[in-house]
Structures are given as structure tokens and as C-alpha cells.
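Peer 1: Structure provided below as C-alpha cells; questions to follow.
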Number of protein chains: 2
Amino acid sequence: MSNKSVTLAQVARLAGVSTITASKVLNNTGRISAATRARVIQAAEQLGYVANTAARSLRGRPTQMLGMVLPELVSPYFAEVARATADAASLLGYDVALFTTSRDAKREQERVGALLGGLADGLIIVVPIGSASFLASLEKARAPVVLVNHFGANTHLPVVRADSFEGSLAAVRHLLELGHRRIGFVTGAVHSSQASERLRAYRESMRAAGLWDENLVRVGDFTQKRGFEAGLELLQLPDPPTAIFAASDLTAFGVMDAARSLGLRIPEDLSVVGFDDIPAASHSHPTLTSVAHPIQEMGQVVVELFLKAKSGENVRDVLVEFPSALVVRASSGPAPRR
Amino acid sequence: MSNKSVTLAQVARLAGVSTITASKVLNNTGRISAATRARVIQAAEQLGYVANTAARSLRGRPTQMLGMVLPELVSPYFAEVARATADAASLLGYDVALFTTSRDAKREQERVGALLGGLADGLIIVVPIGSASFLASLEKARAPVVLVNHFGANTHLPVVRADSFEGSLAAVRHLLELGHRRIGFVTGAVHSSQASERLRAYRESMRAAGLWDENLVRVGDFTQKRGFEAGLELLQLPDPPTAIFAASDLTAFGVMDAARSLGLRIPEDLSVVGFDDIPAASHSHPTLTSVAHPIQEMGQVVVELFLKAKSGENVRDVLVEFPSALVVRASSGPAPRR
DNA sequence: TTGTAAGCGTTATCAA
DNA sequence: TTGATAACGCTTACAA
């Protein structure tokens with residue numbers, strides 16, 4: 001294990017040619033006679049030659065690798081974002097290297113630095129948490145940087161993000177139209193701007209309808225566990241909600257668990273709406289009404305923006321905002337009669 | 001965007017010192033006067049200097065990066081494996097770069113090649129699908145390679161894996177002890193060796209108990225969707241099972257959904273046992289009895305093995321096999337009386 | 001069709 | 001305490 005690696009020079013020597021010739025063969029550049037080509041390829045295979053990416057990169061050659069930095073991968077939402085982007089990149093011949101930061105700004109910065117330091121041709125930061133000045137410093141980075149779901153500090157970097165506000169409005173409207181008057185809400189993590197948008201939409205809708213009641217709001221953290229706890233709290237109120245909107249699907253699942261543990265049927269006794277439309281939302285029982293981000297499309301646009309930037313196109317201040325859309329499934333139904 | 005990157009030479013020039021001196025300052029090597037040190041650091045910050053990882057790597061310096069190649073990240077099991085390994089690596093100052101292969105052998109090989117080509121100090125392949133000869137070629141790679149959950153072709157590479165057989169035996173035994181006689185099974189994906197082990201344990205247990213019935217086995221694919229379908233099929237048999245063992249937790253959730261859609265209570269009418277013990281297993285309602293792999297420990301051992309190999313220790317043919325253990329929760333209970 | 005020379009950005013070795 | 005030299009593995013000119 002851990003031997004020295006085979007170099008191009010060794011391959012060339014074995015094939016009886018110069019390094020350059022070997023390089024040309026292996027990269028399909030320049031004119032090479034069939035005989036030498038065959039000899040070089042044979043030598044490379046025999047030695048198990050693998051080009052040194054670091055050397056290539058140093059020489060200015062693209063690595064065909066995109067770096068992607070995201071908070072974590074255990075949330076289905078981020079896992080899906082990673083997959084969608086990797087799929088889109090793959091179609092264009094790029095690999096995506098994933099790094100998680102555990103929502104640690106210092107780690108984010110380190111990883112970004114490493115990636116920008118010659119490893120990747122481009123960088124995608126999902127829910128960046130770095131300071132405005134840090135983001136500003138990335139504007140003159142060696143490789144293009146694209147931000148995903150960035151809502152914080154001003155930046156000139158291109159941003160691809162999905163709305164949380166309109167979709168949340170639609171979710172509450174949906175419940176109102178079903179006749180619900182007591183509608184609970186379980187928030188996302190407090191530091192998240194997306195969570196704030198979802199709460200804001202809920203609050204504004206409820207106020208506009210004259211139904212606002214602070215008691216119906218519980219603080220969550222996007223997890224199923226907290227959803228269960230918050231659900232229990234809400235459902236055990238003297239005047240419990242007939243519908244609950246949760247800031248994430250996992251949270252909604254927790255709420256559904258809580259309802260069932262109290263013997264409530266969904267949607268007959270309680271309507272539940274989630275957010276994210278993760279794959280599990282369409283497989284749960286009952287299937288979950290949820291607000292969806294167009295993650296596939298976002299991934300494609302992210303990769304397209306990277307390509308544009310790479311080819312010199314001006315992407316400064318570009319903001320692509322996707323709508324969120326309510327997907328009505330079986331977990332929401334008419335409000336029960338009193 | 002996409003400017004030239006700031007080089008060490010530029011930092012040095014601004015600070016009025018040689019590149020070497022600047023390098024020493026930034027790497028904390030050699031003796032440097034406080035004054036120069038301050039000047040260099042100041043210059044580096046002003047310019048937003050980031051060391052070029054490719055150049056460093058080329059010079060023989062470790063990149064402090066481990067490459068990890070895995071089939072996908074959407075399954076909670078793999079997401080957890082990635083997290084556990086990244087956590088363990090992080091403690092030792094390594095970053096983990098994640099690459100997904102979509103179970104495509106060619107992509108696996110490409111990514112492995114790129115990683116080994118100077119980008120990573122080590123390589124971790126989860127559920128490798130490459131041929132025996134491909135794996136053999138990795139034995140003399142530049143950087144240490146560790147295999148995770150490899151059950152296929154013989155190899156001399158170090159392997160860390162978790163048992164599926166004993167844990168599955170325990171799961172079936174648990175159900176038998178609860179008085180169940182009709183115990184259904186939903187398999188994992190057909191190509192998976194882990195899935196085969198789980199099925200084998202089920203079959204052997206049931207045969208030994210004289211309870212084997214081919215009709216009680218349904219083919220699954222580790223997903224919740226297929227679990228739901230298979231669950232419906234089993235529960236609508238003329239003589240339906242009173243317990244179902246599923247080859248994954250997601251599948252088990254699907255089975256639970258199916259049971260509920262038929263008005264069955266869990267565990268009163270149907271006991272359900274899963275496999276993987278993903279985080280959701282302890283948050284579902286009812287909580288899910290499941291067979292657990294010690295993923296955290298596995299991640300630690302993987303990183304330790306890498307370190308050993310890197311430091312020249314012989315890890316040829318090392319095989320660390322972890323036991324699987326049944327975690328009894330609320331989804332399994334006594335068999336209902338006829 | 002093939003090879004020579006040069007350099008990408010960094011750091012280890014040695015000398016000043 | 002500081003700096004000159006060389007080298008890592010590769011590829012883009014250019015020349016033979």
C-alpha cells in the first residue's frame with residue numbers, strides 16, 4: 001500500500017518515447033502514429049498509470065470537479081439538493097465533491113479555501129453562513145462561485161434560491177379554504193432565514209384572517225423529534241388546532257406521530273402540511289401535503305451559472321429565484337365540525 | 001469573478017521578503033522574526049491569499065483530505081456512514097470529500113482515479129462494486145485505500161464491515177419469542193450482498209422453526225415505497241403474517257404505512273422490525289424495533305485504519321467485522337391471539 | 001510525427 | 001533570521 005505513484009515519465013520510458021509524446025497520447029492531442037500510441041497505452045495500462053490531478057491542475061488544466069459545501073447531508077432536503085446538482089453536473093462531465101460544514105462558519109471558510117486552492121473548477125455554497133466580507137472576498141476568487149439558498153448579507157455573487165414565502169402563503173390559504181380556523185405552526189430552526197420566511201407568511205396570513213394566536217406557534221428545529229414534541233404541545237391545548245403547518249416535512253411527520261399517539265386521525269381530525277416535499281412525503285401514510293422547491297431545476301441552473309461564469313460571461317448580481325409550490329396530498333382535508 | 005489567484009510570490013513581494021520566508025511564516029515552520037511574520041500575515045490577508053492545494057500536493061505535502069466514494073447519499077444509512085466518517089476524520093484534522101457513483105462501476109473507477117491522482121491522502125470506498133482486478137490494482141495505489149461493507153470479491157485491502165446475519169437472526173428470534181408464527185419478510189435490493197445475508201438469516205431461522213413459507217417473502221429494494229406495496233401484498237394474504245421483518249428501516253416504514261392503511265394497529269395487530277436503525281427509527285410512531293450497525297465506531301475504525309496504513313503499518317488482509325445488534329422498541333409486541 | 005525547454009505554485013534542503 | 005536553488009508531475013508553446 002501507499003507506494004509511490006506511477007508517473008508519466010515511467011510510462012514514457014517503458015514505451016520508449018518522451019514524456020510529451022506519452023502525454024499527447026493519453027490526452028488525445030497532437031498527431032501521433034498508431035504504433036507509438038498503442039505502445040504508450042499498453043505501457044500505461046501495464047503500470048496502472050493514473051494522471052496526477054494536482055500536477056494537471058497546477059498546469060492550468062481544469063479538474064472537471066465542482067466543489068459543493070453544505071451544512072449537512074443527513075437532512076433529506078440537503079441530500080436531494082446534492083443529488084440534483086451532482087446529476088446536472090454529471091451530464092456536463094463534471095464531478096461534484098461534497099463537503100459538509102456542520103454549520104460551522106470556520107469550517108465553511110476552510111473548505112472553501114481548500115476547494116478554491118486549485119482543487120475545483122468551481123464552487124457551490126449551499127446556505128452560506130460566512131460573513132459579508134468573506135463572501136465579498138470570493139468575488140475575486142480563482143474559480144466561479146455560486147450561492148444556493150442565500151438570503152443573508154448582500155453580495156454580488158450569483159445566487160440561486162427558492163422562495164419560502166409564497167409557498168407558505170399558499171399552504172395557509174389551502175387550510176383556510178378547507179375551513180380551518182385554529183391553525184398551528186411549528187417553526188424551523190431559529191437561525192434559518194428560510195424558517196423566518198415561512199413563519200412570516202404564516203403570521204401575515206393568520207393576522208389578515210383575524211385568526212392570529214401566539215399560542216398556536218411552537219419553536220421547532222426542522223427535526224422529526226421536535227415536531228413530535230411540538231405537536232403534542234399544540235394538540236393538548238385546551239382549544240387545540242384542527243390543522244398544523246410545519247416548517248419542514250420531517251417536522252410534519254413528527255406532528256403526525258404526535259396526532260396518532262393521541263388517537264387522532266389524519267386528515268379527519270387533524271390536517272397536516274409540511275415543507276420541502278422530500279421523497280418520503282409521497283410515500284408516507286397518509287401522503288403528506290407539502291410545499292415543494294423545484295430542486296432538480298435549481299441544480300441545473302446552478303451548474304449553468306457556473307458554466308457561464310467560467311466562460312467569462314458576467315454573472316455579477318444575478319439572482320435566480322424559483323417559486324415554491326403547494327403539493328396537495330392526503331394529509332389535509334376539511335376542518336372537522338365542532 | 002474567476003480572476004487569477006493570488007500567489008505566494010505576490011504576498012512576499014508586498015511584504016518585501018522572499019517567497020520562502022513568506023511560506024515559512026504561513027506554515028509556521030522555521031524561525032522568523034516577529035516583525036517579518038507580522039508583515040507577511042498582513043500582506044496575505046490584504047491580498048486574500050489562499051495556498052494552492054494542487055501545488056502543495058505536488059510538492060508532497062498531504063492535502064489533509066480523505067476521499068470517500070459511495071453509491072448515493074439519499075439513503076439515510078449512507079448519509080449516516082458519511083457523517084460518522086467525516087466526524088471521525090475531522091477530529092484528526094482531515095476533511096472528507098464525498099463522491100457518489102449512483103452504483104455505476106465506471107463512475108466509481110473514475111472517481112477513485114481522480115482522488116488517487118494527488119487530490120486525497122486516502123480513499124474510502126463504501127460498498128465497492130468494482131471488479132476484483134480493479135480492487136487489486138488499488139493495493140499498490142499512491143494512497144491508502146479502505147473498503148467499507150465489502151462482501152464481494154477477495155481482496156487484500158483492509159475492510160471494515162458490519163454483520164447482517166447475526167442481527168437478522170436476533171430479529172427473527174425476537175419475533176418468535178413474542179409468539180409469532182406467521183412472520184413475513186421484505187427483502188432488500190437483489191444485487192446487495194447485505195440484503196442476501198438478511199434474507200439468508202430469515203430463511204434459516206424460519207426453516208429451523210418449521211415455519212418457512214415462501215409466500216411470506218416479498219422482494220423489496222430498500223425503499224419505503226416498495227415496503228408499502230410489499231406490506232399490502234403480505235397483509236392481504238388469506239393467512240396474513242402477524243409480524244413483518246423488513247430488510248431496511250425505510251421499507252419497514254412502508255410496511256407500517258400499509259398496515260395503518262388497512263386499519264391495523266402496531267404492534268397490537270402487527271409487529272414490524274426494520275434494519276439499519278436510522279435516526280428516524282427512534283422518532284417514528286410507534287418507535288421502530290430495528291437491527292443496528294455501529295456506524296459511529298465503524299467510521300472511527302475506518303479512519304484509524306487509514307492512519308495506520310499511512311504511517312506504514314501493514315494493514316494487508318485486515319478485516320474488522322462489527323456485530324449488528326437488535327434494538328427493541330415499540331413496533332414489536334406479542335403475537336395477537338387468533 | 002516527435003522532442004526540447006520552460007514554467008505552473010509550493011516547499012525541503014542547504015547555504016549565507 | 002533569511003534566501004537561493006531545485007524539484008514535485010504535467011502540458012503549452014515552439015523547434016526539429
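Going by the C-alpha cells order, chains are called A, B, ..., each with residues numbered from 1, while ligands are numbered from 1 in the order shown.
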Taking only C-alpha atoms (C1' of nucleotides) into account, what are the residues of chain B at most 6 Å from chain D, put as a ChimeraX atom specification?

Peer 2: /B:32,58-59

Peer 1: Show me, as a PDB file with N, CA and C atoms, in the first residue's frame, the residues that have an atom within 9 Å of Val291 (chain B) when counting only C-alpha atoms (C1' of nucleotides), minus same-chain residues fewer than 4 positions from it.

Peer 2:
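What ended up in out-v4.pdb:
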ATOM      1  N   SER B 164     -24.652  -8.652   8.948  1.00  0.00           N
ATOM      2  CA  SER B 164     -26.085  -8.541   8.747  1.00  0.00           C
ATOM      3  C   SER B 164     -26.781  -9.810   9.200  1.00  0.00           C
ATOM      4  N   GLY B 167     -27.515 -10.253  13.368  1.00  0.00           N
ATOM      5  CA  GLY B 167     -28.548  -9.307  13.775  1.00  0.00           C
ATOM      6  C   GLY B 167     -29.910  -9.713  13.251  1.00  0.00           C
ATOM      7  N   SER B 168     -29.923 -10.247  12.027  1.00  0.00           N
ATOM      8  CA  SER B 168     -31.189 -10.683  11.445  1.00  0.00           C
ATOM      9  C   SER B 168     -31.714 -11.907  12.179  1.00  0.00           C
ATOM     10  N   ALA B 170     -31.249 -12.496  15.262  1.00  0.00           N
ATOM     11  CA  ALA B 170     -31.786 -11.970  16.520  1.00  0.00           C
ATOM     12  C   ALA B 170     -33.173 -11.369  16.316  1.00  0.00           C
ATOM     13  N   ALA B 171     -33.338 -10.712  15.178  1.00  0.00           N
ATOM     14  CA  ALA B 171     -34.632 -10.091  14.892  1.00  0.00           C
ATOM     15  C   ALA B 171     -35.725 -11.145  14.783  1.00  0.00           C
ATOM     16  N   SER B 248     -34.844  -3.122   5.550  1.00  0.00           N
ATOM     17  CA  SER B 248     -34.346  -1.785   5.858  1.00  0.00           C
ATOM     18  C   SER B 248     -35.408  -1.030   6.646  1.00  0.00           C
ATOM     19  N   ASP B 249     -35.007   0.008   7.314  1.00  0.00           N
ATOM     20  CA  ASP B 249     -35.959   0.798   8.098  1.00  0.00           C
ATOM     21  C   ASP B 249     -36.961   1.514   7.210  1.00  0.00           C
ATOM     22  N   VAL B 273     -40.362  -5.081  12.307  1.00  0.00           N
ATOM     23  CA  VAL B 273     -38.954  -4.905  12.648  1.00  0.00           C
ATOM     24  C   VAL B 273     -38.207  -4.465  11.401  1.00  0.00           C
ATOM     25  N   GLY B 274     -37.347  -3.477  11.561  1.00  0.00           N
ATOM     26  CA  GLY B 274     -36.581  -2.970  10.428  1.00  0.00           C
ATOM     27  C   GLY B 274     -35.102  -3.309  10.545  1.00  0.00           C
ATOM     28  N   PHE B 275     -34.327  -2.687   9.680  1.00  0.00           N
ATOM     29  CA  PHE B 275     -32.886  -2.913   9.711  1.00  0.00           C
ATOM     30  C   PHE B 275     -32.191  -1.620   9.312  1.00  0.00           C
ATOM     31  N   ASP B 276     -31.218  -1.223  10.079  1.00  0.00           N
ATOM     32  CA  ASP B 276     -30.335  -0.051   9.861  1.00  0.00           C
ATOM     33  C   ASP B 276     -30.316   0.873  11.072  1.00  0.00           C
ATOM     34  N   ASP B 277     -31.450   0.900  11.785  1.00  0.00           N
ATOM     35  CA  ASP B 277     -31.564   1.813  12.915  1.00  0.00           C
ATOM     36  C   ASP B 277     -31.186   3.239  12.534  1.00  0.00           C
ATOM     37  N   SER B 324     -23.937  -6.765  14.449  1.00  0.00           N
ATOM     38  CA  SER B 324     -25.160  -5.979  14.396  1.00  0.00           C
ATOM     39  C   SER B 324     -25.972  -6.347  15.633  1.00  0.00           C
ATOM     40  N   ALA B 325     -26.767  -5.422  16.104  1.00  0.00           N
ATOM     41  CA  ALA B 325     -27.489  -5.684  17.349  1.00  0.00           C
ATOM     42  C   ALA B 325     -28.942  -5.264  17.235  1.00  0.00           C
ATOM     43  N   LEU B 326     -29.793  -6.061  17.810  1.00  0.00           N
ATOM     44  CA  LEU B 326     -31.216  -5.737  17.765  1.00  0.00           C
ATOM     45  C   LEU B 326     -31.546  -4.670  18.805  1.00  0.00           C
ATOM     46  N   VAL B 327     -32.233  -3.638  18.368  1.00  0.00           N
ATOM     47  CA  VAL B 327     -32.695  -2.598  19.283  1.00  0.00           C
ATOM     48  C   VAL B 327     -34.217  -2.731  19.368  1.00  0.00           C
ATOM     49  N   VAL B 328     -34.684  -3.170  20.541  1.00  0.00           N
ATOM     50  CA  VAL B 328     -36.120  -3.405  20.668  1.00  0.00           C
ATOM     51  C   VAL B 328     -36.825  -2.115  21.049  1.00  0.00           C
TER      52      VAL B 328
END

Peer 1: Can you pull out every residue from region 82-262 of chain B that DSSP, working from the backbone, puts in strand (DSSP E), and format the result as a list in words?

Peer 2: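 So the strand (DSSP E) residues in region 82-262 of chain B would be Asp95, Val96, Ala97, Leu98, Phe99, Thr100, Gly122, Leu123, Ile124, Ile125, Val126, Val145, Val146, Leu147, Val148, Val159, Val160, Arg161, Ala162, Ile183, Gly184, Phe185, Val186, Val217, Arg218, Ala243, Ile244, Phe245 and Ala246 of chain B.
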
Peer 1: Please identify all polymer residues within 10 Å of Arg200 (chain B), counting only C-alpha atoms (C1' of nucleotides), omitting same-chain residues fewer than 3 positions from it, and present them as a list in words.

Peer 2: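 The neighbour list is Ser164, Phe165, Ser168, Leu169, Gln194, Ala195, Ser196, Glu197, Arg203, Glu204, Ser205 and Met206 of chain B.
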
Peer 1: Nearest residue to Ala120 (chain A) out of A:Phe306, A:Ala84, A:Val217, A:Thr287, using only C-alpha atoms?

Peer 2: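 Closest to Ala120 (chain A) of all the choices is A:Phe306.
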
Peer 1: I'd like the contact shell of Pro128 (chain B) - 12 Å cut-off, only C-alpha atoms (C1' of nucleotides), skipping same-chain residues fewer than 2 positions apart - returned as a ChimeraX atom specification.

Peer 2: /B:68-72,100-109,112,123-126,130-132,134-135,138,145-155,157,159-161,192-193

Peer 1: Return the neighbours of chain C among the residues of chain A, cut-off 9 Å, counting only C-alpha atoms (C1' of nucleotides), as a VMD selection string.

Peer 2: chain A and resid 17 to 21 31 to 33 55 57 to 60
